[in-house]
$ cat data-v3.pdb   # PDB, C-alpha atoms
ATOM      1  CA  PRO A 289     -18.716  21.928  17.905
ATOM      2  CA  ILE A 290     -19.389  18.798  15.868
ATOM      3  CA  LEU A 291     -20.516  20.902  12.902
ATOM      4  CA  LYS A 292     -17.413  23.087  13.189
ATOM      5  CA  MET A 293     -15.199  19.968  13.262
ATOM      6  CA  GLU A 294     -16.917  18.571  10.156
ATOM      7  CA  VAL A 295     -16.430  21.872   8.357
ATOM      8  CA  PHE A 296     -12.765  21.880   9.433
ATOM      9  CA  PHE A 297     -12.110  18.376   8.066
ATOM     10  CA  MET A 298     -14.021  19.139   4.879
ATOM     11  CA  ALA A 299     -11.915  22.244   4.333
ATOM     12  CA  LYS A 300      -8.725  20.341   5.135
ATOM     13  CA  ASN A 301      -9.689  17.519   2.787
ATOM     14  CA  SER A 302     -10.533  20.012   0.052
ATOM     15  CA  THR A 303      -7.165  21.712   0.477
ATOM     16  CA  SER A 304      -5.392  18.351   0.349
ATOM     17  CA  LYS A 305      -7.208  17.388  -2.854
ATOM     18  CA  GLN A 306      -6.407  20.773  -4.391
ATOM     19  CA  LYS A 307      -2.705  20.324  -3.609
ATOM     20  CA  GLN A 308      -2.767  16.835  -5.102
ATOM     21  CA  TYR A 309      -4.507  18.184  -8.198
ATOM     22  CA  ASP A 310      -1.948  20.984  -8.492
ATOM     23  CA  ARG A 311       0.913  18.463  -8.219
ATOM     24  CA  GLU A 312      -0.606  16.180 -10.852
ATOM     25  CA  ARG A 313      -1.332  19.144 -13.115
ATOM     26  CA  ALA A 314       2.233  20.407 -12.764
ATOM     27  CA  SER A 315       3.697  16.979 -13.473
ATOM     28  CA  SER A 316       1.599  16.642 -16.628
ATOM     29  CA  ARG A 317       2.769  19.978 -18.006
ATOM     30  CA  SER A 318       6.122  20.327 -19.730
ATOM     31  CA  LYS A 319       8.062  22.486 -22.167
ATOM     32  CA  VAL A 320       9.316  19.409 -24.029
ATOM     33  CA  TRP A 321       7.149  16.551 -25.282
ATOM     34  CA  LEU A 322       7.902  13.250 -26.987
ATOM     35  CA  GLY A 323       5.675  11.948 -29.752
ATOM     36  CA  VAL A 324       5.568   9.208 -32.372
ATOM     37  CA  VAL A 325       4.303   9.669 -35.918
ATOM     38  CA  TYR A 326       3.290   6.686 -38.064
ATOM     39  CA  PRO A 327       3.802   7.535 -41.750
ATOM     40  CA  GLU A 328       1.154   5.068 -42.876
ATOM     41  CA  SER A 329      -1.561   7.003 -41.030
ATOM     42  CA  ALA A 330      -0.111  10.526 -41.139
ATOM     43  CA  PRO A 331      -0.770  12.981 -43.975
ATOM     44  CA  ASP A 332       1.955  13.016 -46.626
ATOM     45  CA  ASN A 333       2.761  16.608 -45.669
ATOM     46  CA  TRP A 334       2.776  16.043 -41.919
ATOM     47  CA  GLN A 335       6.133  17.788 -41.480
ATOM     48  CA  SER A 336       4.747  20.871 -43.218
ATOM     49  CA  ILE A 337       1.738  20.811 -40.902
ATOM     50  CA  PHE A 338       4.034  21.061 -37.875
ATOM     51  CA  ASP A 339       6.159  23.731 -39.561
ATOM     52  CA  GLU A 340       3.105  25.810 -40.464
ATOM     53  CA  GLU A 341       2.192  25.831 -36.771
ATOM     54  CA  HIS A 342       5.577  27.495 -36.204
ATOM     55  CA  LEU A 343       6.639  24.692 -33.891
ATOM     56  CA  THR A 344      10.159  24.187 -32.650
ATOM     57  CA  TRP A 345      10.734  20.473 -33.057
ATOM     58  CA  ILE A 346      13.171  17.697 -33.890
ATOM     59  CA  GLU A 347      12.385  14.918 -36.351
ATOM     60  CA  GLY A 348      14.075  11.558 -35.954
ATOM     61  CA  PRO A 349      14.956   9.078 -38.705
ATOM     62  CA  LEU A 350      12.370   6.609 -39.970
ATOM     63  CA  HIS A 351      12.493   3.646 -37.589
ATOM     64  CA  ASP A 352      11.773   0.775 -39.935
ATOM     65  CA  LYS A 353      14.066  -1.875 -38.463
ATOM     66  CA  ASP A 354      12.885  -1.958 -34.838
ATOM     67  CA  ILE A 355      12.021  -5.417 -33.536
ATOM     68  CA  ASN A 356       9.429  -6.434 -30.917
ATOM     69  CA  ALA A 357      10.307  -8.890 -28.159
ATOM     70  CA  ASP A 358       8.691 -11.685 -30.201
ATOM     71  CA  GLY A 359      10.938 -10.933 -33.170
ATOM     72  CA  GLU A 360       8.264  -9.192 -35.224
ATOM     73  CA  VAL A 361       9.228  -5.988 -36.999
ATOM     74  CA  LYS A 362       7.514  -2.963 -35.468
ATOM     75  CA  LYS A 363       5.321  -0.685 -37.536
ATOM     76  CA  ALA A 364       7.499   1.974 -39.176
ATOM     77  CA  HIS A 365       7.475   5.154 -37.107
ATOM     78  CA  ILE A 366       9.259   8.443 -36.510
ATOM     79  CA  HIS A 367      10.027   9.859 -33.067
ATOM     80  CA  VAL A 368       9.530  13.602 -32.683
ATOM     81  CA  ILE A 369      10.513  16.014 -29.924
ATOM     82  CA  LEU A 370       8.333  19.102 -29.538
ATOM     83  CA  GLN A 371       9.849  22.076 -27.713
ATOM     84  CA  PHE A 372       7.907  25.057 -26.351
ATOM     85  CA  SER A 373       8.877  28.305 -24.661
ATOM     86  CA  SER A 374       6.389  27.674 -21.858
ATOM     87  CA  ASN A 375       4.768  24.671 -20.222
ATOM     88  CA  LYS A 376       2.048  22.971 -22.222
ATOM     89  CA  SER A 377      -0.644  20.614 -20.980
ATOM     90  CA  GLN A 378      -1.404  17.142 -22.259
ATOM     91  CA  SER A 379      -4.558  18.403 -23.966
ATOM     92  CA  GLN A 380      -2.705  21.200 -25.747
ATOM     93  CA  VAL A 381      -0.068  18.836 -27.113
ATOM     94  CA  THR A 382      -2.653  16.170 -27.961
ATOM     95  CA  GLU A 383      -4.417  18.735 -30.139
ATOM     96  CA  ILE A 384      -1.173  19.295 -32.046
ATOM     97  CA  MET A 385      -0.433  15.569 -32.439
ATOM     98  CA  SER A 386      -3.974  14.929 -33.660
ATOM     99  CA  MET A 387      -3.264  17.160 -36.659
ATOM    100  CA  VAL A 388      -1.033  14.383 -38.029
ATOM    101  CA  ASN A 389      -3.135  11.477 -36.706
ATOM    102  CA  ALA A 390      -0.498  10.633 -34.105
ATOM    103  CA  PRO A 391      -0.983   9.143 -30.620
ATOM    104  CA  LYS A 392      -0.707  11.210 -27.453
ATOM    105  CA  ALA A 393       2.715  12.594 -26.638
ATOM    106  CA  ILE A 394       4.376  12.233 -23.230
ATOM    107  CA  PRO A 395       6.374  14.790 -21.205
ATOM    108  CA  CYS A 396      10.132  14.632 -21.688
ATOM    109  CA  ARG A 397      12.343  14.545 -18.610
ATOM    110  CA  ASN A 398      15.721  14.354 -20.380
ATOM    111  CA  THR A 399      16.020  16.217 -23.679
ATOM    112  CA  ARG A 400      19.573  15.098 -24.446
ATOM    113  CA  GLY A 401      18.669  11.481 -23.783
ATOM    114  CA  ALA A 402      15.587  11.828 -25.978
ATOM    115  CA  ILE A 403      17.653  13.231 -28.847
ATOM    116  CA  ARG A 404      20.148  10.369 -28.542
ATOM    117  CA  TYR A 405      17.297   7.859 -28.548
ATOM    118  CA  LEU A 406      16.266   9.085 -31.998
ATOM    119  CA  ILE A 407      19.161   7.028 -33.395
ATOM    120  CA  HIS A 408      19.451   4.541 -30.471
ATOM    121  CA  ALA A 409      22.877   6.044 -29.734
ATOM    122  CA  ASP A 410      23.023   4.477 -26.275
ATOM    123  CA  ASN A 411      21.131   1.292 -27.158
ATOM    124  CA  PRO A 412      23.498  -0.891 -29.218
ATOM    125  CA  GLU A 413      21.111  -3.823 -28.835
ATOM    126  CA  LYS A 414      18.542  -1.917 -30.905
ATOM    127  CA  ALA A 415      18.578  -1.131 -34.628
ATOM    128  CA  GLN A 416      20.967   1.734 -35.315
ATOM    129  CA  TYR A 417      20.057   4.810 -37.354
ATOM    130  CA  SER A 418      22.123   7.620 -38.865
ATOM    131  CA  LYS A 419      22.431  10.939 -37.075
ATOM    132  CA  ASN A 420      22.504  12.538 -40.529
ATOM    133  CA  ASP A 421      18.777  11.758 -40.731
ATOM    134  CA  VAL A 422      17.940  13.763 -37.600
ATOM    135  CA  LYS A 423      16.369  17.074 -38.640
ATOM    136  CA  ALA A 424      15.865  20.239 -36.608
ATOM    137  CA  HIS A 425      12.810  22.388 -37.414
ATOM    138  CA  GLY A 426      11.802  25.877 -36.365
ATOM    139  CA  GLY A 427      15.085  26.799 -34.706
ATOM    140  CA  ALA A 428      15.446  23.611 -32.655
ATOM    141  CA  VAL A 429      19.011  23.034 -31.483
ATOM    142  CA  ILE A 430      20.542  19.568 -31.468
ATOM    143  CA  GLY A 431      23.974  20.833 -30.440
ATOM    144  CA  LYS A 432      26.380  18.147 -29.336
ATOM    145  CA  ALA A 433      23.710  15.746 -28.104
ATOM    146  CA  LEU A 434      24.589  13.194 -30.785
ATOM    147  CA  ASP A 435      28.362  13.464 -30.347
ATOM    148  CA  PRO A 436      30.067  10.266 -29.175
ATOM    149  CA  VAL A 437      30.287   9.960 -25.411
ATOM    150  CA  PRO A 438      33.784   9.378 -23.956
ATOM    151  CA  ALA A 439      33.375   5.591 -23.982
ATOM    152  CA  ASP A 440      32.346   5.724 -27.637
ATOM    153  CA  LYS A 441      35.366   7.866 -28.452
ATOM    154  CA  SER A 442      37.685   5.328 -26.831
ATOM    155  CA  THR A 443      36.078   2.555 -28.861
ATOM    156  CA  VAL A 444      36.493   4.540 -32.083
ATOM    157  CA  MET A 445      40.130   5.302 -31.266
ATOM    158  CA  ARG A 446      40.825   1.598 -30.740
ATOM    159  CA  GLU A 447      39.098   0.781 -34.030
ATOM    160  CA  MET A 448      41.228   3.338 -35.891
ATOM    161  CA  MET A 449      44.479   2.163 -34.315
ATOM    162  CA  THR A 450      43.649  -1.449 -35.133
ATOM    163  CA  TRP A 451      42.911  -0.457 -38.745
ATOM    164  CA  VAL A 452      46.216   1.442 -38.937
ATOM    165  CA  VAL A 453      48.134  -1.627 -37.731
ATOM    166  CA  ASP A 454      46.223  -4.103 -39.891
ATOM    167  CA  ASN A 455      46.780  -1.997 -43.010
ATOM    168  CA  ASP A 456      50.346  -0.906 -42.150
ATOM    169  CA  ILE A 457      49.440   2.797 -42.386
ATOM    170  CA  ILE A 458      52.299   5.318 -42.039
ATOM    171  CA  ASP A 459      50.552   8.372 -43.524
ATOM    172  CA  PHE A 460      47.819  10.218 -41.593
ATOM    173  CA  ALA A 461      46.190  11.315 -44.854
ATOM    174  CA  GLU A 462      45.333   7.686 -45.630
ATOM    175  CA  LEU A 463      43.406   7.402 -42.364
ATOM    176  CA  ALA A 464      41.688  10.784 -42.787
ATOM    177  CA  GLU A 465      40.613  10.028 -46.355
ATOM    178  CA  TYR A 466      39.390   6.547 -45.438
ATOM    179  CA  ALA A 467      37.345   7.982 -42.565
ATOM    180  CA  LEU A 468      35.923  10.724 -44.812
ATOM    181  CA  MET A 469      34.782   8.253 -47.468
ATOM    182  CA  ASN A 470      33.870   5.188 -45.406
ATOM    183  CA  ASN A 471      33.329   5.812 -41.696
ATOM    184  CA  PRO A 472      31.413   8.890 -40.431
ATOM    185  CA  ASP A 473      32.040   7.970 -36.762
ATOM    186  CA  TRP A 474      35.800   7.919 -37.302
ATOM    187  CA  PHE A 475      35.635  11.212 -39.193
ATOM    188  CA  ASP A 476      33.613  12.835 -36.392
ATOM    189  CA  VAL A 477      36.140  11.784 -33.774
ATOM    190  CA  LEU A 478      39.033  13.020 -35.920
ATOM    191  CA  THR A 479      37.478  16.397 -36.687
ATOM    192  CA  ALA A 480      35.350  17.225 -33.653
ATOM    193  CA  GLN A 481      36.560  15.101 -30.755
ATOM    194  CA  GLY A 482      40.279  15.850 -30.663
ATOM    195  CA  GLY A 483      41.240  12.527 -32.214
ATOM    196  CA  THR A 484      43.445  14.050 -34.924
ATOM    197  CA  PHE A 485      46.272  14.950 -32.528
ATOM    198  CA  THR A 486      46.514  11.451 -31.076
ATOM    199  CA  MET A 487      46.200   9.608 -34.368
ATOM    200  CA  GLU A 488      48.605  11.915 -36.202
ATOM    201  CA  LYS A 489      51.225  11.474 -33.470
ATOM    202  CA  TYR A 490      50.676   7.712 -33.468
ATOM    203  CA  ILE A 491      51.014   7.374 -37.256
ATOM    204  CA  THR A 492      54.059   9.680 -37.301
ATOM    205  CA  SER A 493      55.671   7.477 -34.657
ATOM    206  CA  ARG A 494      54.968   4.416 -36.795
ATOM    207  CA  TRP A 495      56.504   6.189 -39.812
ATOM    208  CA  LYS A 496      59.671   7.042 -37.844
ATOM    209  CA  ARG A 497      59.960   3.443 -36.664
ATOM    210  CA  TRP A 498      59.517   2.227 -40.244
ATOM    211  CA  ASN A 499      62.327   4.578 -41.378
ATOM    212  CA  ARG A 500      64.709   3.305 -38.685
ATOM    213  CA  GLN A 501      64.129  -0.256 -39.830
ATOM    214  CA  GLN A 502      65.034   0.496 -43.448
TER     215      GLN A 502
END

$ encode --input "data-v3.pdb" --output "structure tokens"
Amino acid sequence: PILKMEVFFMAKNSTSKQKQYDRERASSRSKVWLGVVYPESAPDNWQSIFDEEHLTWIEGPLHDKDINADGEVKKAHIHVILQFSSNKSQSQVTEIMSMVNAPKAIPCRNTRGAIRYLIHADNPEKAQYSKNDVKAHGGAVIGKALDPVPADKSTVMREMMTWVVDNDIIDFAELAEYALMNNPDWFDVLTAQGGTFTMEKYITSRWKRWNRQQ
């Protein structure tokens, strides 16, 4: 009986360890991985190396203005997002990252958030980078991940209205042309976020008021 009990607990313990191993293995496997490439240590053609592996991936802008907590400028780096059609293990992704002399990647839990982090879109306290420098490779889709969130749109609308008042604008074309030439965020909101209707109505109203006062 004692031997049977020992065998029972050994089997139970083994099953428990196997389940724990399976959970840890599952948690360390992902279809999307986040990596960092340091240009100073990567091959000059590191992007081509990824492309030649037929990877689906997103390349962020060069982060060369990031600051450590002590005020020191961080080593210039580029965040990358690797996307796969099936789950990949840490070792599989590490093998890929080693091709460009990059550190280990980590599993991604929020792809949209990761894409927005490429330009610090939701981190105004950090150095800001242009979304025009975000590049999709191998069929990767950025979609609307970098579009302004509602709060950002409201801020942009207030900025535009303030500019219209400060510069006594009564012609929508003046705003549209200024945004096109000088402010990509304003232009995005006007062309892709429904801002044109509101701003055109607002400027037309100002024009009508100006006419009544003449």

$ resolve_selection --input "data-v3.pdb" --expression "the PyMOL selection byres ((chain A and resi 467) around 12)" --output "ChimeraX atom specification"
/A:444-445,447-448,451-452,460-466,468-479,483-484

$ resolve_selection --input "data-v3.pdb" --expression "the PyMOL selection byres ((chain A and resi 434) around 8)" --output "list in words"
Ile403, Arg404, Ala409, Lys419, Ile430, Gly431, Lys432, Ala433, Asp435 and Pro436 of chain A

$ write_last_selection --input "data-v3.pdb" --atoms "C-alpha atoms" --output "short mmCIF file (atom, residue, chain, number, x, y, z; two decimals), keeping the file's coordinate frame"
data_model
loop_
_atom_site.label_atom_id
_atom_site.label_comp_id
_atom_site.auth_asym_id
_atom_site.auth_seq_id
_atom_site.Cartn_x
_atom_site.Cartn_y
_atom_site.Cartn_z
CA ILE A 403 17.65 13.23 -28.85
CA ARG A 404 20.15 10.37 -28.54
CA ALA A 409 22.88 6.04 -29.73
CA LYS A 419 22.43 10.94 -37.08
CA ILE A 430 20.54 19.57 -31.47
CA GLY A 431 23.97 20.83 -30.44
CA LYS A 432 26.38 18.15 -29.34
CA ALA A 433 23.71 15.75 -28.10
CA ASP A 435 28.36 13.46 -30.35
CA PRO A 436 30.07 10.27 -29.18
#

$ atom_distance --input "data-v3.pdb" --atom1 "CA of His367 (chain A)" --atom2 "CA of Glu347 (chain A)"
6.5 Å

$ atom_distance --input "data-v3.pdb" --atom1 "CA of Asp410 (chain A)" --atom2 "CA of Asp440 (chain A)"
9.5 Å

$ atom_distance --input "data-v3.pdb" --atom1 "CA of Val368 (chain A)" --atom2 "CA of Trp321 (chain A)"
8.3 Å

$ resolve_selection --input "data-v3.pdb" --expression "the PyMOL selection byres ((chain A and resi 339-346) around 10)" --output "JSON, numbers by chain"
{"A": [320, 321, 322, 333, 334, 335, 336, 337, 338, 347, 348, 367, 368, 369, 370, 371, 372, 373, 384, 403, 406, 422, 423, 424, 425, 426, 427, 428, 429, 430]}

$ closest_residue --input "data-v3.pdb" --among "A:Val437, A:Ile366, A:Ala415, A:Met487" --to "Thr450 (chain A)" --atoms "only C-alpha atoms"
A:Met487

$ axis_aligned_box --input "data-v3.pdb" --around "region 320-338 of chain A" --padding-each-side "8 Å" --output "AutoDock Vina command-line options"
--center_x 3.9 --center_y 13.1 --center_z -35.3 --size_x 26.9 --size_y 32.0 --size_z 38.6

$ closest_residue --input "data-v3.pdb" --among "A:Asn455, A:Ser442, A:Asn411, A:Ser377" --to "Pro395 (chain A)" --atoms "all atoms listed in the file"
A:Ser377

$ closest_residue --input "data-v3.pdb" --among "A:His365, A:His351, A:Arg497, A:Lys392" --to "Ala330 (chain A)" --atoms "all atoms listed in the file"
A:His365

$ residues_near_point --input "data-v3.pdb" --point "(-2.9, 14.4, -33.4)" --cutoff "12 Å" --atoms "only C-alpha atoms" --output "PDB file with C-alpha atoms, keeping the file's coordinate frame"
ATOM      1  CA  GLY A 323       5.675  11.948 -29.752  1.00  0.00           C
ATOM      2  CA  VAL A 324       5.568   9.208 -32.372  1.00  0.00           C
ATOM      3  CA  VAL A 325       4.303   9.669 -35.918  1.00  0.00           C
ATOM      4  CA  TYR A 326       3.290   6.686 -38.064  1.00  0.00           C
ATOM      5  CA  SER A 329      -1.561   7.003 -41.030  1.00  0.00           C
ATOM      6  CA  ALA A 330      -0.111  10.526 -41.139  1.00  0.00           C
ATOM      7  CA  PRO A 331      -0.770  12.981 -43.975  1.00  0.00           C
ATOM      8  CA  TRP A 334       2.776  16.043 -41.919  1.00  0.00           C
ATOM      9  CA  ILE A 337       1.738  20.811 -40.902  1.00  0.00           C
ATOM     10  CA  PHE A 338       4.034  21.061 -37.875  1.00  0.00           C
ATOM     11  CA  GLN A 378      -1.404  17.142 -22.259  1.00  0.00           C
ATOM     12  CA  SER A 379      -4.558  18.403 -23.966  1.00  0.00           C
ATOM     13  CA  GLN A 380      -2.705  21.200 -25.747  1.00  0.00           C
ATOM     14  CA  VAL A 381      -0.068  18.836 -27.113  1.00  0.00           C
ATOM     15  CA  THR A 382      -2.653  16.170 -27.961  1.00  0.00           C
ATOM     16  CA  GLU A 383      -4.417  18.735 -30.139  1.00  0.00           C
ATOM     17  CA  ILE A 384      -1.173  19.295 -32.046  1.00  0.00           C
ATOM     18  CA  MET A 385      -0.433  15.569 -32.439  1.00  0.00           C
ATOM     19  CA  SER A 386      -3.974  14.929 -33.660  1.00  0.00           C
ATOM     20  CA  MET A 387      -3.264  17.160 -36.659  1.00  0.00           C
ATOM     21  CA  VAL A 388      -1.033  14.383 -38.029  1.00  0.00           C
ATOM     22  CA  ASN A 389      -3.135  11.477 -36.706  1.00  0.00           C
ATOM     23  CA  ALA A 390      -0.498  10.633 -34.105  1.00  0.00           C
ATOM     24  CA  PRO A 391      -0.983   9.143 -30.620  1.00  0.00           C
ATOM     25  CA  LYS A 392      -0.707  11.210 -27.453  1.00  0.00           C
ATOM     26  CA  ALA A 393       2.715  12.594 -26.638  1.00  0.00           C
TER      27      ALA A 393
END

$ decode --input "data-v3.pdb" --residues "region 311-381 of chain A" --atoms "C-alpha atoms" --output "PDB file, in the first residue's frame"
ATOM      1  CA  ARG A 311       1.442  26.495 -19.383  1.00  0.00           C
ATOM      2  CA  GLU A 312       4.896  28.081 -19.376  1.00  0.00           C
ATOM      3  CA  ARG A 313       5.584  26.787 -22.880  1.00  0.00           C
ATOM      4  CA  ALA A 314       2.281  28.171 -24.144  1.00  0.00           C
ATOM      5  CA  SER A 315       2.886  31.551 -22.530  1.00  0.00           C
ATOM      6  CA  SER A 316       6.329  31.794 -24.131  1.00  0.00           C
ATOM      7  CA  ARG A 317       4.982  31.110 -27.611  1.00  0.00           C
ATOM      8  CA  SER A 318       3.341  33.841 -29.657  1.00  0.00           C
ATOM      9  CA  LYS A 319       2.461  34.854 -33.201  1.00  0.00           C
ATOM     10  CA  VAL A 320       3.735  38.392 -32.599  1.00  0.00           C
ATOM     11  CA  TRP A 321       7.112  39.300 -31.113  1.00  0.00           C
ATOM     12  CA  LEU A 322       8.752  42.581 -30.156  1.00  0.00           C
ATOM     13  CA  GLY A 323      12.435  43.161 -30.794  1.00  0.00           C
ATOM     14  CA  VAL A 324      15.011  45.942 -30.712  1.00  0.00           C
ATOM     15  CA  VAL A 325      17.757  46.408 -33.287  1.00  0.00           C
ATOM     16  CA  TYR A 326      20.829  48.540 -32.545  1.00  0.00           C
ATOM     17  CA  PRO A 327      22.195  49.985 -35.803  1.00  0.00           C
ATOM     18  CA  GLU A 328      25.709  50.282 -34.413  1.00  0.00           C
ATOM     19  CA  SER A 329      25.951  46.504 -33.975  1.00  0.00           C
ATOM     20  CA  ALA A 330      23.617  45.325 -36.747  1.00  0.00           C
ATOM     21  CA  PRO A 331      24.767  44.641 -40.313  1.00  0.00           C
ATOM     22  CA  ASP A 332      24.227  47.568 -42.678  1.00  0.00           C
ATOM     23  CA  ASN A 333      21.745  45.454 -44.636  1.00  0.00           C
ATOM     24  CA  TRP A 334      19.847  44.148 -41.624  1.00  0.00           C
ATOM     25  CA  GLN A 335      16.466  45.062 -43.122  1.00  0.00           C
ATOM     26  CA  SER A 336      17.302  43.031 -46.224  1.00  0.00           C
ATOM     27  CA  ILE A 337      18.250  40.083 -44.026  1.00  0.00           C
ATOM     28  CA  PHE A 338      14.766  40.079 -42.489  1.00  0.00           C
ATOM     29  CA  ASP A 339      13.136  40.564 -45.895  1.00  0.00           C
ATOM     30  CA  GLU A 340      15.114  37.697 -47.421  1.00  0.00           C
ATOM     31  CA  GLU A 341      13.713  35.452 -44.688  1.00  0.00           C
ATOM     32  CA  HIS A 342      10.271  36.376 -46.045  1.00  0.00           C
ATOM     33  CA  LEU A 343       9.246  37.769 -42.678  1.00  0.00           C
ATOM     34  CA  THR A 344       6.143  39.820 -42.087  1.00  0.00           C
ATOM     35  CA  TRP A 345       7.343  42.664 -39.905  1.00  0.00           C
ATOM     36  CA  ILE A 346       7.055  46.330 -39.002  1.00  0.00           C
ATOM     37  CA  GLU A 347      10.058  48.623 -38.662  1.00  0.00           C
ATOM     38  CA  GLY A 348       9.853  51.618 -36.361  1.00  0.00           C
ATOM     39  CA  PRO A 349      11.676  54.940 -36.727  1.00  0.00           C
ATOM     40  CA  LEU A 350      15.222  55.340 -35.444  1.00  0.00           C
ATOM     41  CA  HIS A 351      14.913  56.190 -31.750  1.00  0.00           C
ATOM     42  CA  ASP A 352      17.838  58.532 -31.277  1.00  0.00           C
ATOM     43  CA  LYS A 353      16.318  61.005 -28.823  1.00  0.00           C
ATOM     44  CA  ASP A 354      15.191  58.679 -26.018  1.00  0.00           C
ATOM     45  CA  ILE A 355      16.401  59.671 -22.560  1.00  0.00           C
ATOM     46  CA  ASN A 356      17.231  57.450 -19.562  1.00  0.00           C
ATOM     47  CA  ALA A 357      15.962  58.312 -16.090  1.00  0.00           C
ATOM     48  CA  ASP A 358      19.350  59.889 -15.297  1.00  0.00           C
ATOM     49  CA  GLY A 359      19.072  62.204 -18.296  1.00  0.00           C
ATOM     50  CA  GLU A 360      21.541  60.303 -20.460  1.00  0.00           C
ATOM     51  CA  VAL A 361      20.617  59.743 -24.091  1.00  0.00           C
ATOM     52  CA  LYS A 362      19.887  56.084 -24.806  1.00  0.00           C
ATOM     53  CA  LYS A 363      21.807  54.170 -27.439  1.00  0.00           C
ATOM     54  CA  ALA A 364      20.117  54.676 -30.814  1.00  0.00           C
ATOM     55  CA  HIS A 365      17.780  51.782 -31.561  1.00  0.00           C
ATOM     56  CA  ILE A 366      14.892  50.651 -33.737  1.00  0.00           C
ATOM     57  CA  HIS A 367      11.864  48.751 -32.444  1.00  0.00           C
ATOM     58  CA  VAL A 368      10.607  45.950 -34.676  1.00  0.00           C
ATOM     59  CA  ILE A 369       7.430  43.879 -34.589  1.00  0.00           C
ATOM     60  CA  LEU A 370       7.661  40.385 -36.067  1.00  0.00           C
ATOM     61  CA  GLN A 371       4.401  38.729 -37.117  1.00  0.00           C
ATOM     62  CA  PHE A 372       3.951  35.024 -37.880  1.00  0.00           C
ATOM     63  CA  SER A 373       1.066  32.903 -39.117  1.00  0.00           C
ATOM     64  CA  SER A 374       1.571  30.431 -36.276  1.00  0.00           C
ATOM     65  CA  ASN A 375       2.981  30.501 -32.764  1.00  0.00           C
ATOM     66  CA  LYS A 376       6.749  30.666 -32.503  1.00  0.00           C
ATOM     67  CA  SER A 377       8.927  29.817 -29.523  1.00  0.00           C
ATOM     68  CA  GLN A 378      11.510  32.030 -27.882  1.00  0.00           C
ATOM     69  CA  SER A 379      14.321  29.958 -29.386  1.00  0.00           C
ATOM     70  CA  GLN A 380      12.897  30.230 -32.897  1.00  0.00           C
ATOM     71  CA  VAL A 381      12.605  34.008 -32.688  1.00  0.00           C
TER      72      VAL A 381
END
